[in-house]
$ cat coords-v9.txt   # compact mmCIF, C-alpha atoms
# COMPACT_ATOMS: atom_id res chain seq x y z
CA MET A 1 0.00 0.00 0.00
CA ALA A 2 1.54 3.31 -1.05
CA LEU A 3 2.22 6.04 1.58
CA LYS A 4 0.38 9.29 1.16
CA ARG A 5 2.54 12.28 0.70
CA GLU A 6 1.82 15.35 2.79
CA PRO A 7 0.69 18.27 0.78
CA GLU A 8 3.60 20.62 -0.04
CA LYS A 9 3.65 23.75 2.17
CA HIS A 10 3.40 27.10 0.48
CA ALA A 11 6.28 29.57 1.00
CA ASN A 12 5.59 32.18 3.72
CA HIS A 13 6.02 35.56 2.04
CA GLU A 14 5.27 37.54 5.21
CA ARG A 15 8.39 36.62 7.20
CA TRP A 16 9.88 40.08 6.44
CA LEU A 17 7.33 41.56 8.84
CA VAL A 18 9.26 40.07 11.74
CA SER A 19 12.47 41.75 10.71
CA TYR A 20 10.63 44.98 9.99
CA GLY A 21 9.04 44.91 13.42
CA ASP A 22 12.46 44.41 15.04
CA LEU A 23 13.83 47.34 13.08
CA LEU A 24 11.00 49.63 14.18
CA THR A 25 11.58 48.62 17.77
CA LEU A 26 15.27 49.47 17.55
CA LEU A 27 14.54 52.81 15.88
CA PHE A 28 12.03 53.67 18.58
CA ALA A 29 14.60 52.91 21.24
CA VAL A 30 17.21 55.07 19.49
CA PHE A 31 14.86 58.07 19.25
CA VAL A 32 13.90 57.72 22.91
CA VAL A 33 17.59 57.82 23.87
CA LEU A 34 18.24 60.84 21.61
CA TYR A 35 15.26 62.67 23.07
CA ALA A 36 16.47 62.02 26.59
CA MET A 37 19.94 63.28 25.68
CA SER A 38 18.56 66.46 24.08
CA GLN A 39 16.59 67.29 27.20
CA ALA A 40 19.71 66.97 29.33
CA ASP A 41 21.69 69.22 26.98
CA LYS A 42 18.95 71.81 27.03
CA LYS A 43 19.08 71.94 30.80
CA LYS A 44 22.85 72.35 30.76
CA ALA A 45 22.57 75.08 28.15
CA GLU A 46 20.14 76.99 30.36
CA GLU A 47 22.56 76.68 33.28
CA VAL A 48 25.44 78.03 31.15
CA THR A 49 23.27 80.93 29.93
CA GLN A 50 22.31 81.90 33.47
CA SER A 51 25.95 81.74 34.55
CA ILE A 52 27.03 84.10 31.73
CA GLN A 53 24.21 86.52 32.48
CA SER A 54 25.18 86.59 36.13
CA ALA A 55 28.85 87.25 35.28
CA PHE A 56 27.93 90.25 33.10
CA GLY A 57 25.47 91.67 35.64
CA MET A 58 22.42 90.98 33.48
CA PRO A 59 19.03 90.31 35.09
CA GLN A 60 18.16 86.68 35.59
CA ALA A 61 15.13 85.11 33.92
CA GLY A 62 12.14 84.96 36.21
CA GLY A 63 9.60 82.22 36.58
CA GLY A 64 7.17 81.34 33.88
CA GLY A 65 9.87 81.09 31.20
CA LYS A 66 9.57 84.73 30.12
CA PRO A 67 12.43 85.89 27.93
CA ILE A 68 14.93 88.40 29.34
CA VAL A 69 14.73 91.84 27.77
CA ILE A 70 18.05 93.69 27.78
CA GLN A 71 17.75 97.40 28.33
CA SER A 72 18.87 99.43 25.33
CA GLY A 73 21.02 101.65 27.51
CA ALA A 74 23.07 98.66 28.64
CA VAL A 75 24.18 97.81 25.11
CA THR A 76 27.44 99.35 23.94
CA ILE A 77 29.32 99.00 20.66
CA ILE A 78 32.61 97.18 20.94
CA PRO A 79 35.24 99.59 19.59
CA ASP A 80 37.22 98.65 16.53
CA LEU A 81 40.70 97.56 17.55
CA LYS A 82 42.18 99.69 14.76
CA THR A 83 40.82 102.85 16.38
CA LEU A 84 42.38 102.22 19.76
CA PRO A 85 45.50 104.31 20.48
CA SER A 86 48.70 102.37 20.02
CA VAL A 87 51.27 102.76 22.73
CA VAL A 88 54.03 101.40 20.51
CA ALA A 89 53.30 103.86 17.68
CA GLN A 90 53.64 106.95 19.89
CA LYS A 91 56.79 108.56 21.26
CA ARG A 92 57.17 111.61 23.44
CA THR A 93 60.05 113.76 22.22
CA SER A 94 62.31 116.14 24.14
CA ASP A 95 59.98 119.10 23.47
CA GLY A 96 57.13 117.29 25.24
CA MET A 97 55.20 116.64 22.03
CA SER A 98 53.75 113.21 21.39
CA ARG A 99 54.50 112.25 17.81
CA LYS A 100 53.56 109.22 15.78
CA ILE A 101 56.19 106.78 14.61
CA ALA A 102 55.79 106.58 10.83
CA SER A 103 55.24 103.11 9.41
CA SER A 104 55.25 101.87 5.83
CA THR A 105 51.61 102.96 5.47
CA ASP A 106 52.65 106.57 6.13
CA TYR A 107 55.54 106.74 3.68
CA GLY A 108 53.35 107.42 0.67
CA SER A 109 51.65 110.43 2.26
CA ILE A 110 55.03 111.82 3.38
CA LYS A 111 56.41 111.56 -0.15
CA THR A 112 53.26 113.08 -1.65
CA ALA A 113 53.35 116.06 0.73
CA ILE A 114 57.01 116.83 0.03
CA ASP A 115 56.64 116.35 -3.73
CA ALA A 116 53.64 118.70 -3.80
CA TYR A 117 55.68 121.43 -2.10
CA LEU A 118 58.68 120.89 -4.39
CA VAL A 119 56.51 121.33 -7.46
CA LYS A 120 55.12 124.57 -6.04
CA ALA A 121 58.59 125.82 -5.10
CA GLY A 122 60.14 124.77 -8.40
CA MET A 123 62.68 122.52 -6.63
CA LEU A 124 61.56 119.17 -7.97
CA GLY A 125 64.76 118.71 -9.93
CA LYS A 126 66.99 119.61 -6.98
CA VAL A 127 65.35 117.41 -4.33
CA GLY A 128 64.43 113.77 -4.74
CA VAL A 129 62.12 111.73 -2.50
CA GLU A 130 62.29 107.95 -2.55
CA ILE A 131 60.73 105.14 -0.51
CA THR A 132 63.16 102.31 0.18
CA HIS A 133 63.49 99.38 2.56
CA ARG A 134 65.19 101.79 5.00
CA GLY A 135 62.28 104.23 5.04
CA VAL A 136 61.85 107.60 3.30
CA VAL A 137 64.97 109.12 1.71
CA VAL A 138 64.99 112.84 0.89
CA SER A 139 68.01 113.68 -1.30
CA LEU A 140 69.26 117.27 -1.33
CA ASN A 141 71.35 117.84 -4.45
CA GLU A 142 74.51 119.88 -4.05
CA ALA A 143 73.42 122.31 -6.78
CA GLY A 144 70.41 123.45 -4.76
CA PHE A 145 71.89 123.56 -1.26
CA PHE A 146 75.70 123.90 -1.34
CA ASP A 147 78.32 125.70 -3.35
CA SER A 148 80.98 123.51 -4.92
CA GLY A 149 83.52 122.45 -2.30
CA SER A 150 81.59 124.19 0.50
CA ALA A 151 79.75 122.69 3.48
CA HIS A 152 77.67 125.79 4.27
CA LEU A 153 73.98 125.77 3.36
CA LYS A 154 72.95 128.36 0.79
CA LYS A 155 70.69 131.06 2.19
CA GLU A 156 68.19 130.58 -0.63
CA SER A 157 67.84 126.88 0.30
CA ILE A 158 66.79 127.52 3.92
CA GLU A 159 63.10 128.02 3.08
CA VAL A 160 62.93 124.76 1.13
CA LEU A 161 64.74 122.82 3.84
CA SER A 162 62.41 124.31 6.46
CA ALA A 163 59.32 123.13 4.59
CA ILE A 164 60.76 119.62 4.18
CA SER A 165 61.70 119.58 7.87
CA ASP A 166 58.17 120.57 8.93
CA THR A 167 56.79 117.49 7.20
CA LEU A 168 59.40 115.12 8.59
CA ASN A 169 59.27 116.52 12.13
CA GLN A 170 55.67 115.38 12.49
CA TYR A 171 57.05 111.89 13.13
CA ALA A 172 59.13 110.50 15.98
CA ASN A 173 61.32 108.21 13.92
CA THR A 174 65.09 108.26 14.05
CA PHE A 175 66.69 110.33 11.27
CA ARG A 176 70.10 109.78 9.72
CA VAL A 177 71.67 112.55 7.63
CA GLU A 178 74.14 111.13 5.12
CA GLY A 179 76.67 113.17 3.12
CA HIS A 180 77.87 111.99 -0.31
CA THR A 181 80.28 113.28 -2.96
CA ASP A 182 81.49 112.24 -6.39
CA ASN A 183 84.87 110.60 -7.00
CA VAL A 184 86.73 113.78 -7.96
CA PRO A 185 89.38 114.46 -5.29
CA ILE A 186 88.79 117.71 -3.46
CA LYS A 187 91.42 120.43 -3.59
CA SER A 188 90.82 122.53 -0.52
CA SER A 189 92.75 123.66 2.54
CA GLU A 190 89.57 123.26 4.59
CA PHE A 191 88.89 119.60 3.81
CA ARG A 192 91.49 116.88 3.61
CA SER A 193 89.31 114.57 1.51
CA ASN A 194 85.76 113.97 0.32
CA TRP A 195 85.06 112.23 3.63
CA GLU A 196 85.53 115.46 5.54
CA LEU A 197 83.44 117.41 3.04
CA SER A 198 80.55 114.92 3.10
CA THR A 199 80.63 114.69 6.89
CA ALA A 200 80.70 118.48 7.30
CA ARG A 201 77.68 118.89 5.02
CA ALA A 202 75.73 116.23 6.89
CA THR A 203 76.65 117.80 10.22
CA ASN A 204 75.54 121.26 9.12
CA VAL A 205 72.17 119.86 8.03
CA VAL A 206 71.84 118.18 11.44
CA HIS A 207 72.56 121.52 13.14
CA PHE A 208 69.80 123.10 11.08
CA LEU A 209 67.31 120.32 11.92
CA VAL A 210 67.99 120.58 15.64
CA GLU A 211 68.55 124.33 16.07
CA SER A 212 66.09 125.72 13.52
CA ALA A 213 63.55 122.98 12.78
CA GLY A 214 63.02 121.68 16.32
CA PHE A 215 64.25 118.11 15.85
CA SER A 216 65.24 116.21 18.97
CA PRO A 217 69.05 115.85 19.16
CA GLN A 218 68.60 112.25 20.31
CA SER A 219 66.75 111.38 17.11
CA VAL A 220 69.27 112.69 14.56
CA SER A 221 72.72 111.50 13.54
CA ALA A 222 75.22 112.55 10.86
CA VAL A 223 77.48 110.36 8.73
CA GLY A 224 79.81 111.05 5.80
CA TYR A 225 80.25 108.43 3.08
CA GLY A 226 82.42 110.48 0.77
CA GLU A 227 82.48 109.03 -2.74
CA TYR A 228 81.88 105.43 -1.71
CA ARG A 229 78.05 105.21 -1.79
CA PRO A 230 77.19 106.57 -5.26
CA THR A 231 73.75 106.22 -6.79
CA ASN A 232 75.12 106.64 -10.33
CA ASP A 233 78.41 105.98 -12.08
CA ASN A 234 80.87 108.85 -12.20
CA ASN A 235 81.46 108.68 -15.96
CA SER A 236 79.70 111.92 -16.85
CA ILE A 237 79.10 115.38 -15.45
CA GLU A 238 75.40 114.65 -14.95
CA SER A 239 76.08 111.42 -13.05
CA ARG A 240 78.66 113.03 -10.80
CA ALA A 241 76.23 115.87 -10.03
CA LYS A 242 73.62 113.34 -8.86
CA ASN A 243 76.15 111.71 -6.54
CA ARG A 244 76.92 115.02 -4.80
CA ARG A 245 74.06 115.08 -2.32
CA VAL A 246 72.95 114.96 1.30
CA ASP A 247 70.29 112.37 2.16
CA ILE A 248 67.89 112.85 5.06
CA VAL A 249 66.66 109.35 5.88
CA LEU A 250 63.53 108.79 7.97
CA LEU A 251 64.45 105.36 9.25
CA SER A 252 61.91 102.58 9.45
CA THR A 253 61.50 100.66 12.70
CA GLU A 254 63.49 97.77 11.25
CA ALA A 255 66.34 100.01 10.07
CA GLU A 256 66.38 101.86 13.38
CA ARG A 257 67.24 98.66 15.24
CA GLY A 258 70.77 98.91 13.90
CA GLU A 259 71.27 102.42 15.30
CA ALA A 260 73.20 103.12 18.50
CA ARG A 261 70.96 103.25 21.55
CA ILE A 262 70.99 105.94 24.21
CA ARG A 263 72.66 104.60 27.33
CA LEU A 264 72.20 106.55 30.50
CA PRO A 265 75.17 106.50 32.89
CA ASP A 266 74.83 104.43 36.02
CA LYS A 267 74.03 106.45 39.10
CA HIS A 268 76.90 106.56 41.55
CA VAL A 269 75.85 106.02 45.13
CA ASP A 270 78.16 107.52 47.73
CA ASN A 271 78.70 105.45 50.81
$ encode --input "coords-v9.txt" --output "structure tokens"
Amino acid sequence: MALKREPEKHANHERWLVSYGDLLTLLFAVFVVLYAMSQADKKKAEEVTQSIQSAFGMPQAGGGGKPIVIQSGAVTIIPDLKTLPSVVAQKRTSDGMSRKIASSTDYGSIKTAIDAYLVKAGMLGKVGVEITHRGVVVSLNEAGFFDSGSAHLKKESIEVLSAISDTLNQYANTFRVEGHTDNVPIKSSEFRSNWELSTARATNVVHFLVESAGFSPQSVSAVGYGEYRPTNDNNSIESRAKNRRVDIVLLSTEAERGEARIRLPDKHVDN
């Protein structure tokens, strides 16, 4: 007698519902945890807010969850840092005046002011203004300020030098006055060589800056380079004329670091 076969079971296509139900359960649990965490963070945030308000003297929030209204009079504008006075950029000079130390941003306006005066005075060809890595260099050509072989300033050049000095003396930078000559040996009983001539010219300009233009003696120095710092070759009359000059250099902060510092003598204490 043949055995009866059991009817073949149909495939269960709804088994995915079990996995789906598990997934929903896990998602529900995750959202519950996230909600609980967000509530805790909110409470901490309120505590931090109250602490900041207390530190700045602001009124605390009262009951009922009403928002805090800050009085308009208690609000002030934070000043721009660029408008605050800079202690480093100011220096009090010997005459009691507080002057600004010129930086690279000021060099252009200094050059423009001097050039504008030179055009008006008709001295543009006898005075040159240049901005270099050392600062602002004002070159006084020999033809406009000195007689050949002489270290004395021409009387007709005093007005021009005074106007240039007025512009430069608005700043508290250190100034170096540099004398230069061409390579033609000097034949004079007054000066042994071009070094003496260039140094004497620079020194006389320094005397004018200090005694007539009000420069601080501590801020000015004189140096003579003779023929050894030319700006042009000495192969023509025109080139040699350009090398005979006195440069007034408004030194930058970086260039000033190489200058000699003022050292006050130690106080002697008697026993």
$ closest_residue --input "coords-v9.txt" --among "A:Val33, A:Lys154, A:Ala163, A:His133" --to "A:Ala121" --atoms "all atoms listed in the file"
A:Ala163
$ closest_residue --input "coords-v9.txt" --among "A:Tyr20, A:Pro230, A:Thr112, A:Tyr117" --to "A:Val160" --atoms "all atoms listed in the file"
A:Tyr117
$ atom_distance --input "coords-v9.txt" --atom1 "atom CA of A:Ala151" --atom2 "atom CA of A:Tyr225"
14.3 Å
$ closest_residue --input "coords-v9.txt" --among "A:Ser216, A:Val177, A:Leu140, A:Ala113" --to "A:Gly125" --atoms "all atoms listed in the file"
A:Leu140
$ atom_distance --input "coords-v9.txt" --atom1 "atom CA of A:Glu178" --atom2 "atom CA of A:Val246"
5.5 Å
$ build_atoms --input "coords-v9.txt" --residues "stretch 151-187 of chain A" --atoms "N, CA and C atoms" --output "mmCIF file, in the coordinates of the input"
data_model
loop_
_atom_site.group_PDB
_atom_site.id
_atom_site.type_symbol
_atom_site.label_atom_id
_atom_site.label_comp_id
_atom_site.auth_asym_id
_atom_site.auth_seq_id
_atom_site.Cartn_x
_atom_site.Cartn_y
_atom_site.Cartn_z
ATOM 1 N N ALA A 151 80.659 123.436 2.613
ATOM 2 C CA ALA A 151 79.750 122.690 3.480
ATOM 3 C C ALA A 151 78.656 123.570 4.060
ATOM 4 N N HIS A 152 78.646 124.850 3.718
ATOM 5 C CA HIS A 152 77.670 125.790 4.270
ATOM 6 C C HIS A 152 76.398 125.788 3.416
ATOM 7 N N LEU A 153 75.261 125.738 4.071
ATOM 8 C CA LEU A 153 73.980 125.770 3.360
ATOM 9 C C LEU A 153 73.770 127.126 2.704
ATOM 10 N N LYS A 154 73.281 127.116 1.473
ATOM 11 C CA LYS A 154 72.950 128.360 0.790
ATOM 12 C C LYS A 154 71.769 129.027 1.481
ATOM 13 N N LYS A 155 71.787 130.336 1.547
ATOM 14 C CA LYS A 155 70.690 131.060 2.190
ATOM 15 C C LYS A 155 69.369 130.829 1.471
ATOM 16 N N GLU A 156 69.431 130.761 0.143
ATOM 17 C CA GLU A 156 68.190 130.580 -0.630
ATOM 18 C C GLU A 156 67.596 129.181 -0.482
ATOM 19 N N SER A 157 68.353 128.237 0.120
ATOM 20 C CA SER A 157 67.840 126.880 0.300
ATOM 21 C C SER A 157 67.172 126.677 1.656
ATOM 22 N N ILE A 158 67.303 127.669 2.553
ATOM 23 C CA ILE A 158 66.790 127.520 3.920
ATOM 24 C C ILE A 158 65.276 127.337 3.928
ATOM 25 N N GLU A 159 64.562 128.100 3.106
ATOM 26 C CA GLU A 159 63.100 128.020 3.080
ATOM 27 C C GLU A 159 62.638 126.634 2.634
ATOM 28 N N VAL A 160 63.292 126.092 1.619
ATOM 29 C CA VAL A 160 62.930 124.760 1.130
ATOM 30 C C VAL A 160 63.220 123.703 2.186
ATOM 31 N N LEU A 161 64.386 123.795 2.807
ATOM 32 C CA LEU A 161 64.740 122.820 3.840
ATOM 33 C C LEU A 161 63.807 122.926 5.040
ATOM 34 N N SER A 162 63.352 124.120 5.354
ATOM 35 C CA SER A 162 62.410 124.310 6.460
ATOM 36 C C SER A 162 61.081 123.619 6.175
ATOM 37 N N ALA A 163 60.591 123.756 4.950
ATOM 38 C CA ALA A 163 59.320 123.130 4.590
ATOM 39 C C ALA A 163 59.439 121.605 4.628
ATOM 40 N N ILE A 164 60.546 121.072 4.126
ATOM 41 C CA ILE A 164 60.760 119.620 4.180
ATOM 42 C C ILE A 164 60.839 119.150 5.633
ATOM 43 N N SER A 165 61.540 119.942 6.464
ATOM 44 C CA SER A 165 61.700 119.580 7.870
ATOM 45 C C SER A 165 60.366 119.580 8.602
ATOM 46 N N ASP A 166 59.483 120.519 8.270
ATOM 47 C CA ASP A 166 58.170 120.570 8.930
ATOM 48 C C ASP A 166 57.377 119.290 8.687
ATOM 49 N N THR A 167 57.488 118.744 7.499
ATOM 50 C CA THR A 167 56.790 117.490 7.200
ATOM 51 C C THR A 167 57.406 116.320 7.948
ATOM 52 N N LEU A 168 58.722 116.243 7.946
ATOM 53 C CA LEU A 168 59.400 115.120 8.590
ATOM 54 C C LEU A 168 59.292 115.177 10.105
ATOM 55 N N ASN A 169 59.272 116.370 10.672
ATOM 56 C CA ASN A 169 59.270 116.520 12.130
ATOM 57 C C ASN A 169 57.926 116.190 12.758
ATOM 58 N N GLN A 170 56.947 115.835 11.950
ATOM 59 C CA GLN A 170 55.670 115.380 12.490
ATOM 60 C C GLN A 170 55.764 113.945 13.009
ATOM 61 N N TYR A 171 56.887 113.301 12.752
ATOM 62 C CA TYR A 171 57.050 111.890 13.130
ATOM 63 C C TYR A 171 58.233 111.737 14.088
ATOM 64 N N ALA A 172 58.139 110.712 14.917
ATOM 65 C CA ALA A 172 59.130 110.500 15.980
ATOM 66 C C ALA A 172 60.165 109.453 15.615
ATOM 67 N N ASN A 173 60.307 109.183 14.336
ATOM 68 C CA ASN A 173 61.320 108.210 13.920
ATOM 69 C C ASN A 173 62.725 108.747 14.135
ATOM 70 N N THR A 174 63.689 107.854 14.048
ATOM 71 C CA THR A 174 65.090 108.260 14.050
ATOM 72 C C THR A 174 65.478 108.710 12.648
ATOM 73 N N PHE A 175 66.269 109.788 12.564
ATOM 74 C CA PHE A 175 66.690 110.330 11.270
ATOM 75 C C PHE A 175 68.207 110.232 11.168
ATOM 76 N N ARG A 176 68.666 109.811 9.999
ATOM 77 C CA ARG A 176 70.100 109.780 9.720
ATOM 78 C C ARG A 176 70.372 110.689 8.526
ATOM 79 N N VAL A 177 71.290 111.631 8.705
ATOM 80 C CA VAL A 177 71.670 112.550 7.630
ATOM 81 C C VAL A 177 73.001 112.067 7.068
ATOM 82 N N GLU A 178 72.997 111.768 5.771
ATOM 83 C CA GLU A 178 74.140 111.130 5.120
ATOM 84 C C GLU A 178 74.714 112.043 4.035
ATOM 85 N N GLY A 179 76.016 112.358 4.130
ATOM 86 C CA GLY A 179 76.670 113.170 3.120
ATOM 87 C C GLY A 179 77.360 112.314 2.076
ATOM 88 N N HIS A 180 77.277 112.735 0.809
ATOM 89 C CA HIS A 180 77.870 111.990 -0.310
ATOM 90 C C HIS A 180 78.562 112.967 -1.269
ATOM 91 N N THR A 181 79.595 112.491 -1.936
ATOM 92 C CA THR A 181 80.280 113.280 -2.960
ATOM 93 C C THR A 181 80.492 112.427 -4.199
ATOM 94 N N ASP A 182 81.084 113.032 -5.236
ATOM 95 C CA ASP A 182 81.490 112.240 -6.390
ATOM 96 C C ASP A 182 82.918 111.747 -6.153
ATOM 97 N N ASN A 183 83.525 111.192 -7.183
ATOM 98 C CA ASN A 183 84.870 110.600 -7.000
ATOM 99 C C ASN A 183 86.003 111.545 -7.395
ATOM 100 N N VAL A 184 85.682 112.808 -7.627
ATOM 101 C CA VAL A 184 86.730 113.780 -7.960
ATOM 102 C C VAL A 184 87.400 114.217 -6.664
ATOM 103 N N PRO A 185 88.702 114.053 -6.520
ATOM 104 C CA PRO A 185 89.380 114.460 -5.290
ATOM 105 C C PRO A 185 89.217 115.946 -5.035
ATOM 106 N N ILE A 186 88.987 116.312 -3.806
ATOM 107 C CA ILE A 186 88.790 117.710 -3.460
ATOM 108 C C ILE A 186 90.151 118.398 -3.288
ATOM 109 N N LYS A 187 90.207 119.629 -3.731
ATOM 110 C CA LYS A 187 91.420 120.430 -3.590
ATOM 111 C C LYS A 187 91.076 121.639 -2.743
#
